[in-house]
file data_7.pdb (PDB, C-alpha atoms)
ATOM      1  CA  VAL A 250      33.348  -1.938 -25.010  1.00  0.00           C
ATOM      2  CA  HIS A 251      30.150  -0.043 -24.193  1.00  0.00           C
ATOM      3  CA  PRO A 252      30.202   3.679 -23.534  1.00  0.00           C
ATOM      4  CA  VAL A 253      29.620   4.567 -19.903  1.00  0.00           C
ATOM      5  CA  ASP A 254      27.144   7.215 -18.830  1.00  0.00           C
ATOM      6  CA  LYS A 255      28.713   9.960 -16.791  1.00  0.00           C
ATOM      7  CA  ALA A 256      26.711  12.428 -14.735  1.00  0.00           C
ATOM      8  CA  VAL A 257      27.844  15.904 -15.624  1.00  0.00           C
ATOM      9  CA  VAL A 258      25.573  17.777 -13.262  1.00  0.00           C
ATOM     10  CA  ASN A 259      23.297  16.976 -10.356  1.00  0.00           C
ATOM     11  CA  ILE A 260      20.734  19.526  -9.230  1.00  0.00           C
ATOM     12  CA  VAL A 261      18.473  19.315  -6.187  1.00  0.00           C
ATOM     13  CA  VAL A 262      15.304  21.364  -5.732  1.00  0.00           C
ATOM     14  CA  VAL A 263      13.273  21.280  -2.520  1.00  0.00           C
ATOM     15  CA  PHE A 264       9.515  21.496  -2.006  1.00  0.00           C
ATOM     16  CA  PRO A 265       7.148  22.783   0.681  1.00  0.00           C
ATOM     17  CA  PHE A 266       5.460  20.217   2.933  1.00  0.00           C
ATOM     18  CA  ALA A 267       2.845  18.070   1.128  1.00  0.00           C
ATOM     19  CA  SER A 268       3.348  20.076  -2.063  1.00  0.00           C
ATOM     20  CA  ALA A 269       4.541  19.452  -5.600  1.00  0.00           C
ATOM     21  CA  ARG A 270       4.470  23.176  -6.439  1.00  0.00           C
ATOM     22  CA  LEU A 271       7.747  24.539  -7.747  1.00  0.00           C
ATOM     23  CA  THR A 272       8.983  27.425  -5.609  1.00  0.00           C
ATOM     24  CA  ALA A 273      10.637  30.495  -7.130  1.00  0.00           C
ATOM     25  CA  PRO A 274      14.134  29.267  -6.116  1.00  0.00           C
ATOM     26  CA  ALA A 275      13.345  25.854  -7.660  1.00  0.00           C
ATOM     27  CA  ARG A 276      12.264  27.468 -10.942  1.00  0.00           C
ATOM     28  CA  THR A 277      15.421  29.603 -10.937  1.00  0.00           C
ATOM     29  CA  ALA A 278      17.635  26.541 -10.412  1.00  0.00           C
ATOM     30  CA  LEU A 279      15.817  24.596 -13.127  1.00  0.00           C
ATOM     31  CA  SER A 280      16.059  27.487 -15.599  1.00  0.00           C
ATOM     32  CA  ALA A 281      19.793  27.648 -14.938  1.00  0.00           C
ATOM     33  CA  SER A 282      20.040  23.913 -15.694  1.00  0.00           C
ATOM     34  CA  ILE A 283      18.572  24.118 -19.221  1.00  0.00           C
ATOM     35  CA  ARG A 284      22.031  24.443 -20.746  1.00  0.00           C
ATOM     36  CA  HIS A 285      23.032  21.141 -19.083  1.00  0.00           C
ATOM     37  CA  ALA A 286      19.757  19.532 -20.126  1.00  0.00           C
ATOM     38  CA  ARG A 287      20.391  20.345 -23.785  1.00  0.00           C
ATOM     39  CA  GLN A 288      23.883  18.801 -23.581  1.00  0.00           C
ATOM     40  CA  SER A 289      22.628  15.614 -21.946  1.00  0.00           C
ATOM     41  CA  GLU A 290      21.852  12.295 -23.524  1.00  0.00           C
ATOM     42  CA  ARG A 291      19.833  11.182 -20.537  1.00  0.00           C
ATOM     43  CA  ILE A 292      18.119  12.940 -17.647  1.00  0.00           C
ATOM     44  CA  VAL A 293      16.922  11.130 -14.525  1.00  0.00           C
ATOM     45  CA  ILE A 294      14.446  12.979 -12.322  1.00  0.00           C
ATOM     46  CA  SER A 295      14.110  11.458  -8.847  1.00  0.00           C
ATOM     47  CA  GLY A 296      11.156  12.573  -6.732  1.00  0.00           C
ATOM     48  CA  ARG A 297      11.535  12.112  -2.960  1.00  0.00           C
ATOM     49  CA  THR A 298       9.596  12.829   0.232  1.00  0.00           C
ATOM     50  CA  ASP A 299      10.145  12.989   3.961  1.00  0.00           C
ATOM     51  CA  ALA A 300       8.861  10.237   6.297  1.00  0.00           C
ATOM     52  CA  VAL A 301       5.644  12.014   7.341  1.00  0.00           C
ATOM     53  CA  GLY A 302       2.404  10.364   6.203  1.00  0.00           C
ATOM     54  CA  ASN A 303       1.619   6.963   4.754  1.00  0.00           C
ATOM     55  CA  ASP A 304       3.340   5.238   1.848  1.00  0.00           C
ATOM     56  CA  GLU A 305       0.516   5.838  -0.635  1.00  0.00           C
ATOM     57  CA  VAL A 306       0.439   9.600  -0.039  1.00  0.00           C
ATOM     58  CA  ASN A 307       4.227   9.865  -0.226  1.00  0.00           C
ATOM     59  CA  GLU A 308       4.446   7.826  -3.431  1.00  0.00           C
ATOM     60  CA  SER A 309       1.875  10.142  -4.991  1.00  0.00           C
ATOM     61  CA  ILE A 310       3.700  13.307  -3.866  1.00  0.00           C
ATOM     62  CA  ALA A 311       7.088  11.954  -4.992  1.00  0.00           C
ATOM     63  CA  LEU A 312       5.697  11.292  -8.468  1.00  0.00           C
ATOM     64  CA  ALA A 313       3.916  14.671  -8.634  1.00  0.00           C
ATOM     65  CA  ARG A 314       7.166  16.457  -7.711  1.00  0.00           C
ATOM     66  CA  ALA A 315       9.146  14.592 -10.369  1.00  0.00           C
ATOM     67  CA  LEU A 316       6.486  15.341 -12.992  1.00  0.00           C
ATOM     68  CA  ALA A 317       6.430  19.036 -12.013  1.00  0.00           C
ATOM     69  CA  VAL A 318      10.177  19.210 -12.664  1.00  0.00           C
ATOM     70  CA  ARG A 319       9.896  17.272 -15.937  1.00  0.00           C
ATOM     71  CA  ASN A 320       7.077  19.498 -17.170  1.00  0.00           C
ATOM     72  CA  TYR A 321       8.976  22.654 -16.242  1.00  0.00           C
ATOM     73  CA  LEU A 322      12.084  21.487 -18.128  1.00  0.00           C
ATOM     74  CA  ARG A 323       9.992  20.572 -21.178  1.00  0.00           C
ATOM     75  CA  ASP A 324       8.194  23.931 -21.075  1.00  0.00           C
ATOM     76  CA  GLN A 325      11.524  25.780 -20.938  1.00  0.00           C
ATOM     77  CA  ALA A 326      13.164  23.640 -23.630  1.00  0.00           C
ATOM     78  CA  PRO A 327      10.602  21.949 -25.908  1.00  0.00           C
ATOM     79  CA  ASP A 328      13.496  20.862 -28.126  1.00  0.00           C
ATOM     80  CA  LEU A 329      15.057  18.799 -25.351  1.00  0.00           C
ATOM     81  CA  ALA A 330      16.619  15.826 -27.113  1.00  0.00           C
ATOM     82  CA  ALA A 331      17.519  13.934 -23.958  1.00  0.00           C
ATOM     83  CA  VAL A 332      15.512  10.962 -22.816  1.00  0.00           C
ATOM     84  CA  ILE A 333      13.927  11.852 -19.497  1.00  0.00           C
ATOM     85  CA  SER A 334      13.146   9.124 -16.992  1.00  0.00           C
ATOM     86  CA  ILE A 335      11.310   9.404 -13.700  1.00  0.00           C
ATOM     87  CA  ASP A 336      12.308   7.680 -10.461  1.00  0.00           C
ATOM     88  CA  ALA A 337       9.725   8.573  -7.831  1.00  0.00           C
ATOM     89  CA  ARG A 338       9.889   6.961  -4.409  1.00  0.00           C
ATOM     90  CA  GLY A 339       8.323   8.256  -1.244  1.00  0.00           C
ATOM     91  CA  ARG A 340       9.671   7.592   2.241  1.00  0.00           C
ATOM     92  CA  CYS A 341      13.076   6.469   1.055  1.00  0.00           C
ATOM     93  CA  CYS A 342      16.510   7.673   0.102  1.00  0.00           C
ATOM     94  CA  PHE A 343      16.740  10.307   2.830  1.00  0.00           C
ATOM     95  CA  VAL A 344      19.609  12.801   2.857  1.00  0.00           C
ATOM     96  CA  ALA A 345      18.860  14.049   6.376  1.00  0.00           C
ATOM     97  CA  PRO A 346      17.191  12.791   9.589  1.00  0.00           C
ATOM     98  CA  ASN A 347      13.394  13.110   9.657  1.00  0.00           C
ATOM     99  CA  GLU A 348      13.330  14.008  13.366  1.00  0.00           C
ATOM    100  CA  THR A 349      13.692  17.744  12.719  1.00  0.00           C
ATOM    101  CA  GLU A 350      11.863  20.145  10.415  1.00  0.00           C
ATOM    102  CA  ASP A 351      15.190  21.105   8.816  1.00  0.00           C
ATOM    103  CA  GLY A 352      15.935  17.469   8.031  1.00  0.00           C
ATOM    104  CA  ARG A 353      12.447  16.809   6.690  1.00  0.00           C
ATOM    105  CA  SER A 354      12.628  19.922   4.498  1.00  0.00           C
ATOM    106  CA  ARG A 355      15.906  18.657   2.970  1.00  0.00           C
ATOM    107  CA  ASN A 356      14.276  15.287   2.234  1.00  0.00           C
ATOM    108  CA  ARG A 357      11.337  16.875   0.360  1.00  0.00           C
ATOM    109  CA  ARG A 358      13.172  17.207  -2.911  1.00  0.00           C
ATOM    110  CA  VAL A 359      13.707  16.259  -6.507  1.00  0.00           C
ATOM    111  CA  GLU A 360      17.175  15.307  -7.680  1.00  0.00           C
ATOM    112  CA  ILE A 361      17.915  15.817 -11.366  1.00  0.00           C
ATOM    113  CA  ALA A 362      20.901  14.027 -12.866  1.00  0.00           C
ATOM    114  CA  PHE A 363      22.092  15.096 -16.313  1.00  0.00           C
ATOM    115  CA  PHE A 364      24.149  12.425 -18.081  1.00  0.00           C
ATOM    116  CA  SER A 365      26.441  12.745 -21.045  1.00  0.00           C
ATOM    117  CA  GLN A 366      28.342   9.940 -22.668  1.00  0.00           C
ATOM    118  CA  GLY A 367      31.672   9.354 -21.015  1.00  0.00           C
ATOM    119  CA  GLY A 368      34.681   7.300 -22.060  1.00  0.00           C
ATOM    120  CA  GLY A 369      34.613   3.584 -22.858  1.00  0.00           C
TER     121      GLY A 369
END

call {"tool": "encode", "arguments": {"input": "data_7.pdb", "output": "structure tokens"}}
result
Amino acid sequence: VHPVDKAVVNIVVVFPFASARLTAPARTALSASIRHARQSERIVISGRTDAVGNDEVNESIALARALAVRNYLRDQAPDLAAVISIDARGRCCFVAPNETEDGRSRNRRVEIAFFSQGGG
């Protein structure tokens, strides 16, 4: 029987249009997540975009957003033992319709999943 990964915490931070710059609320949320990061065996950082622009631009922004989050976590906790992986995909995995600015702003995000080992 193999141990099963169990997500203990999921955090979402949003980004301004066409930007991979961490906002003050994003930095606050990430700082608050350091405790979870240190207790995790695996961290998956998923960069996402809205549907505006071409695939190449969105792939680039999705990756830049995920790397911004990874770098911030590493800066805050250089001793992070968890293995961090990046899943960056532009123009996919929407959580809201892209027809409104509110929906697009919710899609411009990074999701961070902190995993700890669960039961068998």

call {"tool": "resolve_selection", "arguments": {"input": "data_7.pdb", "expression": "the PyMOL selection byres ((chain A and resi 335-348) around 12)", "output": "PyMOL selection string"}}
result
chain A and resi 261+263+267+291-320+332-334+349-362

call {"tool": "atom_distance", "arguments": {"input": "data_7.pdb", "atom1": "atom CA of Thr277 of chain A", "atom2": "atom CA of Val262 of chain A"}}
result
9.7 Å

call {"tool": "resolve_selection", "arguments": {"input": "data_7.pdb", "expression": "the PyMOL selection byres ((chain A and resi 278-285) around 9)", "output": "PyMOL selection string"}}
result
chain A and resi 257-258+260-262+273-277+286-289+318+321-322+325-326+329+363-364

call {"tool": "decode", "arguments": {"input": "data_7.pdb", "residues": "segment 325-362 of chain A", "atoms": "N, CA, C and O atoms", "output": "mmCIF file, in the first residue's frame"}}
result
data_model
loop_
_atom_site.group_PDB
_atom_site.id
_atom_site.type_symbol
_atom_site.label_atom_id
_atom_site.label_comp_id
_atom_site.auth_asym_id
_atom_site.auth_seq_id
_atom_site.Cartn_x
_atom_site.Cartn_y
_atom_site.Cartn_z
ATOM 1 N N GLN A 325 11.071 33.735 1.631
ATOM 2 C CA GLN A 325 10.525 33.785 2.986
ATOM 3 C C GLN A 325 10.987 32.601 3.834
ATOM 4 O O GLN A 325 11.093 32.717 5.048
ATOM 5 N N ALA A 326 11.205 31.462 3.185
ATOM 6 C CA ALA A 326 11.567 30.240 3.913
ATOM 7 C C ALA A 326 12.637 29.475 3.137
ATOM 8 O O ALA A 326 12.349 28.484 2.473
ATOM 9 N N PRO A 327 13.897 29.955 3.210
ATOM 10 C CA PRO A 327 14.977 29.298 2.465
ATOM 11 C C PRO A 327 15.161 27.832 2.866
ATOM 12 O O PRO A 327 15.700 27.037 2.110
ATOM 13 N N ASP A 328 14.684 27.485 4.054
ATOM 14 C CA ASP A 328 14.839 26.127 4.564
ATOM 15 C C ASP A 328 13.701 25.207 4.125
ATOM 16 O O ASP A 328 13.581 24.091 4.637
ATOM 17 N N LEU A 329 12.881 25.677 3.212
ATOM 18 C CA LEU A 329 11.732 24.887 2.773
ATOM 19 C C LEU A 329 12.185 23.499 2.312
ATOM 20 O O LEU A 329 12.952 23.368 1.368
ATOM 21 N N ALA A 330 11.710 22.474 2.992
ATOM 22 C CA ALA A 330 12.121 21.116 2.657
ATOM 23 C C ALA A 330 11.266 20.524 1.549
ATOM 24 O O ALA A 330 11.665 19.587 0.886
ATOM 25 N N ALA A 331 10.074 21.067 1.367
ATOM 26 C CA ALA A 331 9.144 20.489 0.400
ATOM 27 C C ALA A 331 9.678 20.590 -1.025
ATOM 28 O O ALA A 331 10.428 21.490 -1.364
ATOM 29 N N VAL A 332 9.274 19.629 -1.832
ATOM 30 C CA VAL A 332 9.589 19.668 -3.247
ATOM 31 C C VAL A 332 8.513 20.529 -3.922
ATOM 32 O O VAL A 332 7.329 20.246 -3.813
ATOM 33 N N ILE A 333 8.972 21.574 -4.584
ATOM 34 C CA ILE A 333 8.046 22.481 -5.254
ATOM 35 C C ILE A 333 7.999 22.137 -6.736
ATOM 36 O O ILE A 333 9.035 22.003 -7.377
ATOM 37 N N SER A 334 6.789 21.977 -7.266
ATOM 38 C CA SER A 334 6.656 21.787 -8.705
ATOM 39 C C SER A 334 5.760 22.872 -9.266
ATOM 40 O O SER A 334 4.914 23.425 -8.580
ATOM 41 N N ILE A 335 5.999 23.165 -10.543
ATOM 42 C CA ILE A 335 5.302 24.245 -11.237
ATOM 43 C C ILE A 335 4.385 23.637 -12.287
ATOM 44 O O ILE A 335 4.791 22.754 -13.039
ATOM 45 N N ASP A 336 3.155 24.129 -12.336
ATOM 46 C CA ASP A 336 2.197 23.732 -13.371
ATOM 47 C C ASP A 336 1.640 25.028 -13.951
ATOM 48 O O ASP A 336 0.741 25.619 -13.367
ATOM 49 N N ALA A 337 2.236 25.484 -15.040
ATOM 50 C CA ALA A 337 1.822 26.766 -15.617
ATOM 51 C C ALA A 337 1.113 26.518 -16.937
ATOM 52 O O ALA A 337 1.675 25.907 -17.848
ATOM 53 N N ARG A 338 -0.129 26.970 -17.022
ATOM 54 C CA ARG A 338 -0.890 26.828 -18.258
ATOM 55 C C ARG A 338 -1.746 28.068 -18.465
ATOM 56 O O ARG A 338 -2.560 28.406 -17.616
ATOM 57 N N GLY A 339 -1.529 28.716 -19.582
ATOM 58 C CA GLY A 339 -2.332 29.879 -19.919
ATOM 59 C C GLY A 339 -3.590 29.465 -20.661
ATOM 60 O O GLY A 339 -3.639 28.406 -21.289
ATOM 61 N N ARG A 340 -4.605 30.300 -20.574
ATOM 62 C CA ARG A 340 -5.863 30.105 -21.291
ATOM 63 C C ARG A 340 -6.479 28.735 -21.022
ATOM 64 O O ARG A 340 -6.907 28.044 -21.942
ATOM 65 N N CYS A 341 -6.473 28.337 -19.787
ATOM 66 C CA CYS A 341 -7.121 27.069 -19.430
ATOM 67 C C CYS A 341 -7.570 27.129 -17.984
ATOM 68 O O CYS A 341 -7.210 28.045 -17.254
ATOM 69 N N CYS A 342 -8.319 26.133 -17.588
ATOM 70 C CA CYS A 342 -8.604 25.899 -16.178
ATOM 71 C C CYS A 342 -9.285 27.097 -15.514
ATOM 72 O O CYS A 342 -8.936 27.485 -14.398
ATOM 73 N N PHE A 343 -10.224 27.696 -16.208
ATOM 74 C CA PHE A 343 -10.878 28.906 -15.713
ATOM 75 C C PHE A 343 -11.786 28.589 -14.531
ATOM 76 O O PHE A 343 -12.410 27.548 -14.482
ATOM 77 N N VAL A 344 -11.855 29.530 -13.593
ATOM 78 C CA VAL A 344 -12.766 29.402 -12.452
ATOM 79 C C VAL A 344 -13.963 30.340 -12.593
ATOM 80 O O VAL A 344 -14.880 30.290 -11.790
ATOM 81 N N ALA A 345 -13.928 31.190 -13.622
ATOM 82 C CA ALA A 345 -15.003 32.154 -13.841
ATOM 83 C C ALA A 345 -15.097 32.458 -15.336
ATOM 84 O O ALA A 345 -14.137 32.237 -16.071
ATOM 85 N N PRO A 346 -16.241 32.960 -15.808
ATOM 86 C CA PRO A 346 -16.385 33.317 -17.221
ATOM 87 C C PRO A 346 -15.437 34.465 -17.595
ATOM 88 O O PRO A 346 -15.188 35.352 -16.778
ATOM 89 N N ASN A 347 -14.928 34.437 -18.816
ATOM 90 C CA ASN A 347 -14.008 35.480 -19.270
ATOM 91 C C ASN A 347 -14.727 36.650 -19.934
ATOM 92 O O ASN A 347 -14.090 37.557 -20.452
ATOM 93 N N GLU A 348 -16.058 36.647 -19.910
ATOM 94 C CA GLU A 348 -16.824 37.698 -20.578
ATOM 95 C C GLU A 348 -16.880 38.994 -19.764
ATOM 96 O O GLU A 348 -17.209 40.042 -20.290
ATOM 97 N N THR A 349 -16.570 38.918 -18.478
ATOM 98 C CA THR A 349 -16.605 40.124 -17.650
ATOM 99 C C THR A 349 -15.230 40.372 -17.032
ATOM 100 O O THR A 349 -14.432 39.433 -16.869
ATOM 101 N N GLU A 350 -14.969 41.623 -16.671
ATOM 102 C CA GLU A 350 -13.693 41.948 -16.033
ATOM 103 C C GLU A 350 -13.555 41.213 -14.700
ATOM 104 O O GLU A 350 -12.488 40.733 -14.349
ATOM 105 N N ASP A 351 -14.659 41.105 -13.950
ATOM 106 C CA ASP A 351 -14.609 40.382 -12.677
ATOM 107 C C ASP A 351 -14.202 38.925 -12.894
ATOM 108 O O ASP A 351 -13.351 38.400 -12.179
ATOM 109 N N GLY A 352 -14.789 38.293 -13.889
ATOM 110 C CA GLY A 352 -14.441 36.904 -14.182
ATOM 111 C C GLY A 352 -12.993 36.763 -14.610
ATOM 112 O O GLY A 352 -12.268 35.886 -14.140
ATOM 113 N N ARG A 353 -12.562 37.654 -15.519
ATOM 114 C CA ARG A 353 -11.168 37.593 -15.976
ATOM 115 C C ARG A 353 -10.209 37.806 -14.823
ATOM 116 O O ARG A 353 -9.191 37.128 -14.722
ATOM 117 N N SER A 354 -10.545 38.741 -13.911
ATOM 118 C CA SER A 354 -9.638 39.007 -12.784
ATOM 119 C C SER A 354 -9.533 37.782 -11.870
ATOM 120 O O SER A 354 -8.479 37.531 -11.289
ATOM 121 N N ARG A 355 -10.600 37.014 -11.744
ATOM 122 C CA ARG A 355 -10.550 35.787 -10.918
ATOM 123 C C ARG A 355 -9.743 34.689 -11.600
ATOM 124 O O ARG A 355 -9.194 33.809 -10.925
ATOM 125 N N ASN A 356 -9.671 34.727 -12.927
ATOM 126 C CA ASN A 356 -8.901 33.715 -13.664
ATOM 127 C C ASN A 356 -7.406 34.012 -13.678
ATOM 128 O O ASN A 356 -6.606 33.106 -13.874
ATOM 129 N N ARG A 357 -7.015 35.261 -13.458
ATOM 130 C CA ARG A 357 -5.598 35.641 -13.432
ATOM 131 C C ARG A 357 -5.066 35.329 -12.046
ATOM 132 O O ARG A 357 -5.098 36.160 -11.145
ATOM 133 N N ARG A 358 -4.558 34.114 -11.877
ATOM 134 C CA ARG A 358 -4.267 33.662 -10.518
ATOM 135 C C ARG A 358 -3.155 32.621 -10.501
ATOM 136 O O ARG A 358 -2.780 32.063 -11.518
ATOM 137 N N VAL A 359 -2.688 32.367 -9.305
ATOM 138 C CA VAL A 359 -1.837 31.216 -9.024
ATOM 139 C C VAL A 359 -2.505 30.458 -7.890
ATOM 140 O O VAL A 359 -2.922 31.039 -6.892
ATOM 141 N N GLU A 360 -2.640 29.156 -8.076
ATOM 142 C CA GLU A 360 -3.148 28.285 -7.023
ATOM 143 C C GLU A 360 -1.961 27.538 -6.423
ATOM 144 O O GLU A 360 -1.142 26.988 -7.149
ATOM 145 N N ILE A 361 -1.873 27.532 -5.115
ATOM 146 C CA ILE A 361 -0.799 26.820 -4.429
ATOM 147 C C ILE A 361 -1.434 25.731 -3.591
ATOM 148 O O ILE A 361 -2.278 26.008 -2.732
ATOM 149 N N ALA A 362 -1.029 24.494 -3.850
ATOM 150 C CA ALA A 362 -1.539 23.354 -3.085
ATOM 151 C C ALA A 362 -0.404 22.803 -2.224
ATOM 152 O O ALA A 362 0.664 22.483 -2.741
#
